file data32.txt (compact mmCIF, N, CA and C atoms)
# COMPACT_ATOMS: atom_id res chain seq x y z
N MET A 1 -35.64 38.51 -55.71
CA MET A 1 -36.34 39.43 -54.84
C MET A 1 -37.83 39.46 -55.15
N GLU A 2 -38.18 39.08 -56.36
CA GLU A 2 -39.60 39.00 -56.71
C GLU A 2 -40.30 37.96 -55.85
N SER A 3 -39.59 36.86 -55.54
CA SER A 3 -40.19 35.83 -54.69
C SER A 3 -40.46 36.38 -53.29
N ILE A 4 -39.58 37.23 -52.80
CA ILE A 4 -39.78 37.85 -51.48
C ILE A 4 -41.03 38.73 -51.54
N ARG A 5 -41.13 39.55 -52.58
CA ARG A 5 -42.30 40.44 -52.71
C ARG A 5 -43.60 39.65 -52.73
N SER A 6 -43.60 38.53 -53.43
CA SER A 6 -44.83 37.74 -53.50
C SER A 6 -45.15 37.09 -52.16
N LEU A 7 -44.12 36.73 -51.39
CA LEU A 7 -44.34 36.11 -50.08
C LEU A 7 -44.85 37.11 -49.04
N VAL A 8 -44.48 38.38 -49.19
CA VAL A 8 -44.91 39.37 -48.19
C VAL A 8 -46.15 40.14 -48.63
N ALA A 9 -46.55 39.98 -49.88
CA ALA A 9 -47.68 40.75 -50.41
C ALA A 9 -48.95 40.51 -49.61
N GLU A 10 -49.58 41.61 -49.25
CA GLU A 10 -50.88 41.61 -48.59
C GLU A 10 -50.91 40.87 -47.25
N LYS A 11 -49.76 40.79 -46.60
CA LYS A 11 -49.68 40.20 -45.26
C LYS A 11 -49.16 41.29 -44.32
N PRO A 12 -49.81 41.48 -43.19
CA PRO A 12 -49.40 42.57 -42.30
C PRO A 12 -47.99 42.41 -41.73
N VAL A 13 -47.64 41.19 -41.33
CA VAL A 13 -46.31 40.94 -40.76
C VAL A 13 -45.81 39.61 -41.31
N VAL A 14 -44.59 39.64 -41.83
CA VAL A 14 -43.94 38.41 -42.29
C VAL A 14 -42.56 38.34 -41.66
N ILE A 15 -42.26 37.17 -41.12
CA ILE A 15 -40.95 36.93 -40.54
C ILE A 15 -40.32 35.74 -41.26
N PHE A 16 -39.12 35.96 -41.79
CA PHE A 16 -38.34 34.87 -42.36
C PHE A 16 -37.41 34.41 -41.25
N SER A 17 -37.41 33.11 -41.00
CA SER A 17 -36.78 32.55 -39.82
C SER A 17 -36.11 31.23 -40.18
N LYS A 18 -35.39 30.69 -39.23
CA LYS A 18 -34.93 29.31 -39.28
C LYS A 18 -35.34 28.68 -37.96
N SER A 19 -35.80 27.46 -38.03
CA SER A 19 -36.35 26.82 -36.83
C SER A 19 -35.32 26.69 -35.71
N SER A 20 -34.04 26.72 -36.03
CA SER A 20 -33.01 26.57 -35.01
C SER A 20 -32.46 27.91 -34.49
N CYS A 21 -33.01 29.03 -34.98
CA CYS A 21 -32.48 30.35 -34.63
C CYS A 21 -33.19 30.92 -33.41
N CYS A 22 -32.46 31.08 -32.32
CA CYS A 22 -33.07 31.58 -31.08
C CYS A 22 -33.50 33.04 -31.22
N MET A 23 -32.77 33.85 -31.99
CA MET A 23 -33.16 35.25 -32.18
C MET A 23 -34.46 35.34 -32.97
N SER A 24 -34.64 34.47 -33.95
CA SER A 24 -35.89 34.44 -34.71
C SER A 24 -37.05 34.12 -33.78
N HIS A 25 -36.85 33.14 -32.92
CA HIS A 25 -37.89 32.77 -31.97
C HIS A 25 -38.21 33.93 -31.03
N SER A 26 -37.18 34.64 -30.58
CA SER A 26 -37.39 35.78 -29.68
C SER A 26 -38.20 36.88 -30.35
N ILE A 27 -37.91 37.17 -31.60
CA ILE A 27 -38.63 38.22 -32.33
C ILE A 27 -40.08 37.79 -32.58
N GLN A 28 -40.27 36.52 -32.91
CA GLN A 28 -41.64 36.00 -33.08
C GLN A 28 -42.43 36.14 -31.78
N THR A 29 -41.80 35.82 -30.66
CA THR A 29 -42.45 35.92 -29.36
C THR A 29 -42.80 37.37 -29.04
N LEU A 30 -41.87 38.29 -29.32
CA LEU A 30 -42.11 39.71 -29.08
C LEU A 30 -43.32 40.20 -29.88
N ILE A 31 -43.34 39.90 -31.17
CA ILE A 31 -44.42 40.41 -32.03
C ILE A 31 -45.74 39.74 -31.71
N SER A 32 -45.71 38.45 -31.41
CA SER A 32 -46.96 37.78 -31.05
C SER A 32 -47.48 38.28 -29.71
N GLY A 33 -46.60 38.80 -28.87
CA GLY A 33 -47.01 39.39 -27.60
C GLY A 33 -47.91 40.61 -27.78
N TYR A 34 -47.81 41.24 -28.92
CA TYR A 34 -48.71 42.36 -29.25
C TYR A 34 -50.05 41.85 -29.78
N GLY A 35 -50.15 40.53 -29.99
CA GLY A 35 -51.36 39.96 -30.56
C GLY A 35 -51.40 40.10 -32.07
N ALA A 36 -50.24 40.27 -32.68
CA ALA A 36 -50.16 40.53 -34.12
C ALA A 36 -50.45 39.28 -34.95
N ASN A 37 -51.10 39.54 -36.05
CA ASN A 37 -51.34 38.51 -37.06
C ASN A 37 -50.10 38.44 -37.93
N MET A 38 -49.33 37.36 -37.84
CA MET A 38 -48.08 37.27 -38.60
C MET A 38 -47.97 35.95 -39.34
N THR A 39 -47.19 36.00 -40.40
CA THR A 39 -46.87 34.81 -41.19
C THR A 39 -45.39 34.55 -40.99
N VAL A 40 -45.03 33.31 -40.68
CA VAL A 40 -43.63 32.94 -40.47
C VAL A 40 -43.23 31.92 -41.51
N TYR A 41 -42.15 32.20 -42.20
CA TYR A 41 -41.57 31.26 -43.16
C TYR A 41 -40.27 30.74 -42.58
N GLU A 42 -40.22 29.45 -42.30
CA GLU A 42 -39.01 28.81 -41.80
C GLU A 42 -38.17 28.38 -43.00
N LEU A 43 -37.08 29.09 -43.25
CA LEU A 43 -36.29 28.86 -44.46
C LEU A 43 -35.72 27.44 -44.53
N ASP A 44 -35.42 26.87 -43.38
CA ASP A 44 -34.86 25.52 -43.37
C ASP A 44 -35.93 24.45 -43.63
N GLN A 45 -37.18 24.88 -43.75
CA GLN A 45 -38.26 23.93 -44.03
C GLN A 45 -38.94 24.20 -45.38
N LEU A 46 -38.49 25.23 -46.09
CA LEU A 46 -39.03 25.53 -47.41
C LEU A 46 -38.18 24.87 -48.49
N SER A 47 -38.83 24.36 -49.52
CA SER A 47 -38.07 23.73 -50.61
C SER A 47 -37.15 24.74 -51.30
N ASN A 48 -37.55 26.00 -51.37
CA ASN A 48 -36.73 27.04 -51.99
C ASN A 48 -36.08 27.95 -50.94
N GLY A 49 -35.88 27.44 -49.76
CA GLY A 49 -35.37 28.23 -48.64
C GLY A 49 -34.02 28.86 -48.91
N GLN A 50 -33.12 28.14 -49.59
CA GLN A 50 -31.80 28.71 -49.88
C GLN A 50 -31.91 29.88 -50.86
N GLU A 51 -32.79 29.77 -51.83
CA GLU A 51 -33.04 30.87 -52.78
C GLU A 51 -33.55 32.10 -52.05
N VAL A 52 -34.52 31.88 -51.18
CA VAL A 52 -35.12 32.98 -50.43
C VAL A 52 -34.05 33.62 -49.54
N GLU A 53 -33.23 32.80 -48.90
CA GLU A 53 -32.18 33.33 -48.04
C GLU A 53 -31.20 34.19 -48.83
N LYS A 54 -30.81 33.75 -50.01
CA LYS A 54 -29.91 34.55 -50.87
C LYS A 54 -30.55 35.88 -51.23
N ALA A 55 -31.83 35.86 -51.54
CA ALA A 55 -32.54 37.10 -51.89
C ALA A 55 -32.58 38.05 -50.70
N LEU A 56 -32.78 37.52 -49.50
CA LEU A 56 -32.79 38.36 -48.30
C LEU A 56 -31.42 39.02 -48.08
N VAL A 57 -30.36 38.26 -48.29
CA VAL A 57 -29.01 38.80 -48.13
C VAL A 57 -28.79 39.91 -49.17
N GLN A 58 -29.26 39.70 -50.39
CA GLN A 58 -29.12 40.72 -51.44
C GLN A 58 -29.88 41.99 -51.08
N MET A 59 -30.96 41.84 -50.31
CA MET A 59 -31.74 43.00 -49.87
C MET A 59 -31.09 43.71 -48.69
N GLY A 60 -30.02 43.14 -48.14
CA GLY A 60 -29.31 43.78 -47.04
C GLY A 60 -29.50 43.13 -45.69
N CYS A 61 -30.16 42.00 -45.64
CA CYS A 61 -30.37 41.30 -44.37
C CYS A 61 -29.12 40.50 -44.02
N LYS A 62 -28.38 40.99 -43.04
CA LYS A 62 -27.18 40.29 -42.59
C LYS A 62 -27.16 40.35 -41.08
N PRO A 63 -27.36 39.26 -40.38
CA PRO A 63 -27.60 37.92 -40.89
C PRO A 63 -28.96 37.83 -41.58
N SER A 64 -29.15 36.75 -42.31
CA SER A 64 -30.36 36.63 -43.14
C SER A 64 -31.63 36.42 -42.33
N VAL A 65 -31.52 35.88 -41.13
CA VAL A 65 -32.69 35.69 -40.27
C VAL A 65 -32.40 36.18 -38.86
N PRO A 66 -33.38 36.67 -38.16
CA PRO A 66 -34.73 36.90 -38.65
C PRO A 66 -34.77 38.11 -39.58
N ALA A 67 -35.64 38.05 -40.57
CA ALA A 67 -35.89 39.19 -41.46
C ALA A 67 -37.37 39.51 -41.30
N VAL A 68 -37.64 40.73 -40.85
CA VAL A 68 -39.01 41.12 -40.50
C VAL A 68 -39.53 42.17 -41.48
N PHE A 69 -40.70 41.87 -42.02
CA PHE A 69 -41.41 42.81 -42.89
C PHE A 69 -42.71 43.19 -42.19
N ILE A 70 -42.97 44.47 -42.10
CA ILE A 70 -44.23 44.96 -41.53
C ILE A 70 -44.85 45.87 -42.57
N GLY A 71 -46.08 45.56 -42.95
CA GLY A 71 -46.74 46.35 -43.98
C GLY A 71 -46.00 46.30 -45.30
N GLU A 72 -45.45 45.14 -45.63
CA GLU A 72 -44.72 44.87 -46.87
C GLU A 72 -43.39 45.62 -46.95
N GLN A 73 -42.98 46.27 -45.87
CA GLN A 73 -41.70 47.00 -45.83
C GLN A 73 -40.70 46.22 -44.98
N LEU A 74 -39.48 46.11 -45.49
CA LEU A 74 -38.43 45.46 -44.72
C LEU A 74 -38.06 46.33 -43.54
N ILE A 75 -38.24 45.80 -42.34
CA ILE A 75 -37.84 46.50 -41.12
C ILE A 75 -36.39 46.16 -40.79
N GLY A 76 -36.04 44.90 -40.97
CA GLY A 76 -34.67 44.46 -40.72
C GLY A 76 -34.65 43.21 -39.84
N GLY A 77 -33.57 43.07 -39.14
CA GLY A 77 -33.39 41.90 -38.29
C GLY A 77 -33.72 42.18 -36.84
N ALA A 78 -33.20 41.35 -35.97
CA ALA A 78 -33.50 41.44 -34.54
C ALA A 78 -33.10 42.79 -33.96
N ASN A 79 -31.92 43.30 -34.32
CA ASN A 79 -31.47 44.58 -33.76
C ASN A 79 -32.41 45.72 -34.12
N GLN A 80 -32.83 45.77 -35.38
CA GLN A 80 -33.72 46.83 -35.82
C GLN A 80 -35.08 46.73 -35.14
N VAL A 81 -35.61 45.52 -35.04
CA VAL A 81 -36.92 45.33 -34.41
C VAL A 81 -36.85 45.70 -32.93
N MET A 82 -35.80 45.28 -32.25
CA MET A 82 -35.66 45.60 -30.83
C MET A 82 -35.49 47.12 -30.62
N THR A 83 -34.77 47.78 -31.51
CA THR A 83 -34.61 49.23 -31.41
C THR A 83 -35.96 49.93 -31.54
N ILE A 84 -36.75 49.51 -32.51
CA ILE A 84 -38.08 50.09 -32.70
C ILE A 84 -38.96 49.81 -31.48
N HIS A 85 -38.85 48.62 -30.93
CA HIS A 85 -39.62 48.24 -29.74
C HIS A 85 -39.23 49.12 -28.55
N VAL A 86 -37.93 49.28 -28.31
CA VAL A 86 -37.45 50.06 -27.17
C VAL A 86 -37.86 51.54 -27.32
N LYS A 87 -37.92 52.01 -28.55
CA LYS A 87 -38.34 53.40 -28.80
C LYS A 87 -39.87 53.56 -28.77
N ASN A 88 -40.56 52.49 -28.43
CA ASN A 88 -42.03 52.50 -28.34
C ASN A 88 -42.70 52.79 -29.68
N GLN A 89 -42.11 52.33 -30.78
CA GLN A 89 -42.65 52.59 -32.11
C GLN A 89 -43.21 51.34 -32.78
N LEU A 90 -42.99 50.18 -32.18
CA LEU A 90 -43.41 48.93 -32.82
C LEU A 90 -44.93 48.81 -32.89
N ALA A 91 -45.61 49.14 -31.82
CA ALA A 91 -47.08 49.04 -31.81
C ALA A 91 -47.70 49.90 -32.90
N ALA A 92 -47.18 51.11 -33.09
CA ALA A 92 -47.71 52.00 -34.12
C ALA A 92 -47.50 51.42 -35.52
N LEU A 93 -46.33 50.83 -35.75
CA LEU A 93 -46.07 50.18 -37.04
C LEU A 93 -47.04 49.03 -37.28
N LEU A 94 -47.25 48.23 -36.24
CA LEU A 94 -48.16 47.08 -36.36
C LEU A 94 -49.60 47.54 -36.60
N ARG A 95 -50.00 48.62 -35.97
CA ARG A 95 -51.35 49.17 -36.20
C ARG A 95 -51.50 49.66 -37.63
N ARG A 96 -50.52 50.42 -38.12
CA ARG A 96 -50.59 50.93 -39.49
C ARG A 96 -50.67 49.82 -40.52
N ALA A 97 -50.02 48.70 -40.23
CA ALA A 97 -50.03 47.55 -41.15
C ALA A 97 -51.29 46.69 -40.96
N ARG A 98 -52.12 47.08 -39.98
CA ARG A 98 -53.34 46.34 -39.65
C ARG A 98 -53.03 44.93 -39.13
N ALA A 99 -51.90 44.82 -38.44
CA ALA A 99 -51.55 43.54 -37.80
C ALA A 99 -52.18 43.45 -36.43
N ILE A 100 -52.46 44.63 -35.83
CA ILE A 100 -53.17 44.68 -34.56
C ILE A 100 -54.21 45.79 -34.68
N TRP A 101 -55.20 45.75 -33.83
CA TRP A 101 -56.30 46.70 -33.93
C TRP A 101 -56.36 47.69 -32.79
N VAL A 102 -55.69 47.41 -31.70
CA VAL A 102 -55.78 48.27 -30.51
C VAL A 102 -54.65 49.24 -30.46
call {"tool": "encode", "arguments": {"input": "data32.txt", "output": "structure tokens"}}
result
Amino acid sequence: MESIRSLVAEKPVVIFSKSSCCMSHSIQTLISGYGANMTVYELDQLSNGQEVEKALVQMGCKPSVPAVFIGEQLIGGANQVMTIHVKNQLAALLRRARAIWV
């Protein structure tokens, strides 16, 4: 889990993804639609991707991707992000994390 903390440190939005995951792509598209500054780690393209995936599962991410961190806090997967979006709370989270300015 320390590796996860170091990967999300000082980044407004981090998404752990797999290049073949359509839900990961959908969440990336949603967040980028806000104009957010985000970092995406494709687990299937990282040399330590399996380690990172295991750490995400240990943190409670099931399924492991997409795993979204905003302001260094684990938000969750696609369901959690979509729930926050539908409740009109995603923009405020992104602003607080300084991922967007408006």
call {"tool": "residues_around", "arguments": {"input": "data32.txt", "residues": "A:Leu43", "least_positions_apart": "5", "cutoff": "7 Å", "atoms": "only N, CA and C atoms", "output": "MDAnalysis selection string"}}
result
chainID A and resid 16:19 48:50 53
call {"tool": "residues_near_point", "arguments": {"input": "data32.txt", "point": "(-45.6, 46.5, -43.4)", "cutoff": "12 Å", "atoms": "only C-alpha atoms", "output": "PyMOL selection string"}}
result
chain A and resi 5+8-15+36-39+68-76+90-100
call {"tool": "write_last_selection", "arguments": {"input": "data32.txt", "atoms": "N, CA and C atoms", "output": "short mmCIF file (atom, residue, chain, number, x, y, z; two decimals), keeping the file's coordinate frame"}}
result
data_model
loop_
_atom_site.label_atom_id
_atom_site.label_comp_id
_atom_site.auth_asym_id
_atom_site.auth_seq_id
_atom_site.Cartn_x
_atom_site.Cartn_y
_atom_site.Cartn_z
N ARG A 5 -41.13 39.55 -52.58
CA ARG A 5 -42.30 40.44 -52.71
C ARG A 5 -43.60 39.65 -52.73
N VAL A 8 -44.48 38.38 -49.19
CA VAL A 8 -44.91 39.37 -48.19
C VAL A 8 -46.15 40.14 -48.63
N ALA A 9 -46.55 39.98 -49.88
CA ALA A 9 -47.68 40.75 -50.41
C ALA A 9 -48.95 40.51 -49.61
N GLU A 10 -49.58 41.61 -49.25
CA GLU A 10 -50.88 41.61 -48.59
C GLU A 10 -50.91 40.87 -47.25
N LYS A 11 -49.76 40.79 -46.60
CA LYS A 11 -49.68 40.20 -45.26
C LYS A 11 -49.16 41.29 -44.32
N PRO A 12 -49.81 41.48 -43.19
CA PRO A 12 -49.40 42.57 -42.30
C PRO A 12 -47.99 42.41 -41.73
N VAL A 13 -47.64 41.19 -41.33
CA VAL A 13 -46.31 40.94 -40.76
C VAL A 13 -45.81 39.61 -41.31
N VAL A 14 -44.59 39.64 -41.83
CA VAL A 14 -43.94 38.41 -42.29
C VAL A 14 -42.56 38.34 -41.66
N ILE A 15 -42.26 37.17 -41.12
CA ILE A 15 -40.95 36.93 -40.54
C ILE A 15 -40.32 35.74 -41.26
N ALA A 36 -50.24 40.27 -32.68
CA ALA A 36 -50.16 40.53 -34.12
C ALA A 36 -50.45 39.28 -34.95
N ASN A 37 -51.10 39.54 -36.05
CA ASN A 37 -51.34 38.51 -37.06
C ASN A 37 -50.10 38.44 -37.93
N MET A 38 -49.33 37.36 -37.84
CA MET A 38 -48.08 37.27 -38.60
C MET A 38 -47.97 35.95 -39.34
N THR A 39 -47.19 36.00 -40.40
CA THR A 39 -46.87 34.81 -41.19
C THR A 39 -45.39 34.55 -40.99
N VAL A 68 -37.64 40.73 -40.85
CA VAL A 68 -39.01 41.12 -40.50
C VAL A 68 -39.53 42.17 -41.48
N PHE A 69 -40.70 41.87 -42.02
CA PHE A 69 -41.41 42.81 -42.89
C PHE A 69 -42.71 43.19 -42.19
N ILE A 70 -42.97 44.47 -42.10
CA ILE A 70 -44.23 44.96 -41.53
C ILE A 70 -44.85 45.87 -42.57
N GLY A 71 -46.08 45.56 -42.95
CA GLY A 71 -46.74 46.35 -43.98
C GLY A 71 -46.00 46.30 -45.30
N GLU A 72 -45.45 45.14 -45.63
CA GLU A 72 -44.72 44.87 -46.87
C GLU A 72 -43.39 45.62 -46.95
N GLN A 73 -42.98 46.27 -45.87
CA GLN A 73 -41.70 47.00 -45.83
C GLN A 73 -40.70 46.22 -44.98
N LEU A 74 -39.48 46.11 -45.49
CA LEU A 74 -38.43 45.46 -44.72
C LEU A 74 -38.06 46.33 -43.54
N ILE A 75 -38.24 45.80 -42.34
CA ILE A 75 -37.84 46.50 -41.12
C ILE A 75 -36.39 46.16 -40.79
N GLY A 76 -36.04 44.90 -40.97
CA GLY A 76 -34.67 44.46 -40.72
C GLY A 76 -34.65 43.21 -39.84
N LEU A 90 -42.99 50.18 -32.18
CA LEU A 90 -43.41 48.93 -32.82
C LEU A 90 -44.93 48.81 -32.89
N ALA A 91 -45.61 49.14 -31.82
CA ALA A 91 -47.08 49.04 -31.81
C ALA A 91 -47.70 49.90 -32.90
N ALA A 92 -47.18 51.11 -33.09
CA ALA A 92 -47.71 52.00 -34.12
C ALA A 92 -47.50 51.42 -35.52
N LEU A 93 -46.33 50.83 -35.75
CA LEU A 93 -46.07 50.18 -37.04
C LEU A 93 -47.04 49.03 -37.28
N LEU A 94 -47.25 48.23 -36.24
CA LEU A 94 -48.16 47.08 -36.36
C LEU A 94 -49.60 47.54 -36.60
N ARG A 95 -50.00 48.62 -35.97
CA ARG A 95 -51.35 49.17 -36.20
C ARG A 95 -51.50 49.66 -37.63
N ARG A 96 -50.52 50.42 -38.12
CA ARG A 96 -50.59 50.93 -39.49
C ARG A 96 -50.67 49.82 -40.52
N ALA A 97 -50.02 48.70 -40.23
CA ALA A 97 -50.03 47.55 -41.15
C ALA A 97 -51.29 46.69 -40.96
N ARG A 98 -52.12 47.08 -39.98
CA ARG A 98 -53.34 46.34 -39.65
C ARG A 98 -53.03 44.93 -39.13
N ALA A 99 -51.90 44.82 -38.44
CA ALA A 99 -51.55 43.54 -37.80
C ALA A 99 -52.18 43.45 -36.43
N ILE A 100 -52.46 44.63 -35.83
CA ILE A 100 -53.17 44.68 -34.56
C ILE A 100 -54.21 45.79 -34.68
#
call {"tool": "select_by_dssp", "arguments": {"input": "data32.txt", "residues": "stretch 3-83 of chain A", "states": "strand (DSSP E or B)", "output": "ChimeraX atom specification"}}
result
/A:13-17,39-42,67-70,73-76
call {"tool": "atom_distance", "arguments": {"input": "data32.txt", "atom1": "atom CA of A:Glu2", "atom2": "atom CA of A:Ala67"}}
result
15.7 Å
call {"tool": "atom_distance", "arguments": {"input": "data32.txt", "atom1": "atom C of A:Val65", "atom2": "atom C of A:Ser24"}}
result
7.2 Å
call {"tool": "closest_residue", "arguments": {"input": "data32.txt", "among": "A:Cys22, A:Gly35, A:Leu30, A:Ala55", "to": "A:Ile4", "atoms": "all atoms listed in the file"}}
result
A:Ala55
call {"tool": "decode", "arguments": {"input": "data32.txt", "residues": "stretch 17-49 of chain A", "atoms": "N, CA and C atoms", "output": "CSV table (one decimal), in the first residue's frame"}}
result
chain,number,residue,atom,x,y,z
A,17,SER,N,-6.0,1.8,-13.9
A,17,SER,CA,-6.8,1.3,-15.0
A,17,SER,C,-6.1,0.1,-15.7
A,18,LYS,N,-6.8,-0.5,-16.6
A,18,LYS,CA,-6.2,-1.5,-17.5
A,18,LYS,C,-6.6,-1.0,-18.9
A,19,SER,N,-5.7,-1.1,-19.8
A,19,SER,CA,-6.0,-0.6,-21.2
A,19,SER,C,-7.2,-1.3,-21.8
A,20,SER,N,-7.5,-2.5,-21.4
A,20,SER,CA,-8.6,-3.2,-22.0
A,20,SER,C,-9.9,-3.0,-21.3
A,21,CYS,N,-10.0,-2.2,-20.2
A,21,CYS,CA,-11.2,-2.1,-19.4
A,21,CYS,C,-12.0,-0.9,-19.9
A,22,CYS,N,-13.2,-1.2,-20.4
A,22,CYS,CA,-14.1,-0.2,-20.9
A,22,CYS,C,-14.6,0.7,-19.8
A,23,MET,N,-14.8,0.2,-18.6
A,23,MET,CA,-15.3,1.1,-17.5
A,23,MET,C,-14.2,2.0,-17.1
A,24,SER,N,-13.0,1.6,-17.1
A,24,SER,CA,-11.8,2.5,-16.8
A,24,SER,C,-11.8,3.7,-17.9
A,25,HIS,N,-12.0,3.3,-19.1
A,25,HIS,CA,-12.0,4.3,-20.2
A,25,HIS,C,-13.2,5.3,-20.0
A,26,SER,N,-14.3,4.8,-19.6
A,26,SER,CA,-15.5,5.6,-19.4
A,26,SER,C,-15.3,6.6,-18.2
A,27,ILE,N,-14.7,6.2,-17.2
A,27,ILE,CA,-14.4,7.0,-16.0
A,27,ILE,C,-13.4,8.1,-16.4
A,28,GLN,N,-12.3,7.7,-17.1
A,28,GLN,CA,-11.3,8.6,-17.6
A,28,GLN,C,-12.0,9.7,-18.5
A,29,THR,N,-12.9,9.3,-19.4
A,29,THR,CA,-13.6,10.2,-20.2
A,29,THR,C,-14.5,11.2,-19.4
A,30,LEU,N,-15.2,10.7,-18.4
A,30,LEU,CA,-16.0,11.5,-17.6
A,30,LEU,C,-15.2,12.6,-16.9
A,31,ILE,N,-14.1,12.2,-16.2
A,31,ILE,CA,-13.3,13.1,-15.5
A,31,ILE,C,-12.6,14.1,-16.4
A,32,SER,N,-12.1,13.6,-17.5
A,32,SER,CA,-11.4,14.6,-18.4
A,32,SER,C,-12.4,15.5,-19.0
A,33,GLY,N,-13.7,15.2,-19.0
A,33,GLY,CA,-14.7,16.1,-19.5
A,33,GLY,C,-14.9,17.3,-18.6
A,34,TYR,N,-14.5,17.2,-17.4
A,34,TYR,CA,-14.4,18.3,-16.5
A,34,TYR,C,-13.2,19.2,-16.7
A,35,GLY,N,-12.3,18.7,-17.6
A,35,GLY,CA,-11.0,19.4,-17.8
A,35,GLY,C,-10.0,19.2,-16.7
A,36,ALA,N,-10.2,18.0,-16.0
A,36,ALA,CA,-9.3,17.7,-14.8
A,36,ALA,C,-7.9,17.3,-15.3
A,37,ASN,N,-7.0,17.7,-14.5
A,37,ASN,CA,-5.6,17.3,-14.6
A,37,ASN,C,-5.5,15.9,-13.9
A,38,MET,N,-5.3,14.8,-14.6
A,38,MET,CA,-5.3,13.5,-14.0
A,38,MET,C,-4.1,12.7,-14.5
A,39,THR,N,-3.7,11.8,-13.6
A,39,THR,CA,-2.6,10.8,-13.9
A,39,THR,C,-3.2,9.5,-14.1
A,40,VAL,N,-2.9,8.7,-15.1
A,40,VAL,CA,-3.5,7.4,-15.3
A,40,VAL,C,-2.4,6.4,-15.3
A,41,TYR,N,-2.5,5.4,-14.5
A,41,TYR,CA,-1.6,4.3,-14.5
A,41,TYR,C,-2.3,3.0,-15.1
A,42,GLU,N,-1.8,2.6,-16.2
A,42,GLU,CA,-2.3,1.4,-16.8
A,42,GLU,C,-1.6,0.2,-16.2
A,43,LEU,N,-2.3,-0.6,-15.4
A,43,LEU,CA,-1.7,-1.7,-14.6
A,43,LEU,C,-1.1,-2.8,-15.5
A,44,ASP,N,-1.7,-3.0,-16.7
A,44,ASP,CA,-1.2,-4.0,-17.6
A,44,ASP,C,0.0,-3.5,-18.4
A,45,GLN,N,0.4,-2.3,-18.2
A,45,GLN,CA,1.6,-1.8,-18.8
A,45,GLN,C,2.7,-1.4,-17.9
A,46,LEU,N,2.4,-1.6,-16.6
A,46,LEU,CA,3.5,-1.3,-15.6
A,46,LEU,C,4.2,-2.6,-15.2
A,47,SER,N,5.5,-2.4,-15.0
A,47,SER,CA,6.3,-3.6,-14.6
A,47,SER,C,5.8,-4.2,-13.3
A,48,ASN,N,5.4,-3.4,-12.4
A,48,ASN,CA,4.9,-3.9,-11.1
A,48,ASN,C,3.4,-3.8,-11.0
A,49,GLY,N,2.7,-3.9,-12.1
A,49,GLY,CA,1.3,-3.8,-12.2
A,49,GLY,C,0.5,-4.8,-11.4
